[in-house]
Amino acid sequence: MNIPGPGVYLTAAECAVLLRDLRWRGVNLEAMRSEARLRDPGYAKVLMDLHSAALAYEERVRAAGSNQPGTNPVPPLERGASLNVEKVTATSAAVLSGCSSRAVRKAAAERRLAGELVDGTWWFDPVDVQLWCSRRAA
């Protein structure tokens, strides 16, 4: 049933962040999709669309980052399956975002960009970098 009303639009980057966060929190998305297929096909479609958008975004980020210097595979968050995207340094994050590596490091230090400082090197999830870029542009 289609009920007119407010809607929501999520970019592929936002889908990826949402799904990564849910997985980190221990949500079993595959079980949710399976159960939804039986109970509410519309809800199952929403979950599948979120998943598809996140996977497509992951592929684009991986393709863009694979040619960038400073990429390094870092294991996903301990509690769950983040998207299997490599972490990137501030230099690579700068290339992805179109700004200087100093601006990326400053944003991380000011907690405007999620990152992890390991042995003096900042590491970022490319999904977080893209989301930060979209917030900066808005």
# chains A, B, ... in the order shown; residues from 1 in each chain; ligands from 1
>>> residues_around(residues="Tyr9 of chain A", least_positions_apart="4", cutoff="12 Å", atoms="only C-alpha atoms", output="list in words")
Ala13, Glu14, Cys15, Val46, Asp49, Leu50 and Ala53 of chain A
>>> residues_around(residues="Asp128 of chain A", least_positions_apart="5", cutoff="8 Å", atoms="only C-alpha atoms", output="MDAnalysis selection string")
chainID A and resid 17 113:114
>>> residues_around(residues="Ser134 of chain A", least_positions_apart="2", cutoff="12 Å", atoms="only C-alpha atoms", output="list in words")
Leu10, Thr11, Ala12, Ala13, Glu14, Leu96, Ser97, Gly98, Leu113, Val127, Asp128, Val129, Gln130, Leu131, Trp132, Arg136, Ala137 and Ala138 of chain A
>>> closest_residue(among="A:Trp24, A:Ala93, A:Gly120, A:Met48", to="Cys133 of chain A", atoms="only C-alpha atoms")
A:Ala93
>>> select_by_dssp(residues="segment 11-136 of chain A", states="alpha helix (DSSP H)", output="ChimeraX atom specification")
/A:12-24,29-39,41-66,90-97,101-109,126-136
>>> atom_distance(atom1="atom CA of Lys87 of chain A", atom2="atom CA of Trp123 of chain A")
5.9 Å
>>> closest_residue(among="A:Glu30, A:Arg102, A:Arg112, A:Leu22", to="Arg135 of chain A", atoms="only C-alpha atoms")
A:Arg112
>>> residues_around(residues="Ser34 of chain A", least_positions_apart="5", cutoff="10 Å", atoms="only C-alpha atoms", output="PyMOL selection string")
chain A and resi 29+39+44
>>> closest_residue(among="A:Ala109, A:Ala54, A:Cys99, A:Ala16", to="Thr121 of chain A", atoms="only C-alpha atoms")
A:Ala109
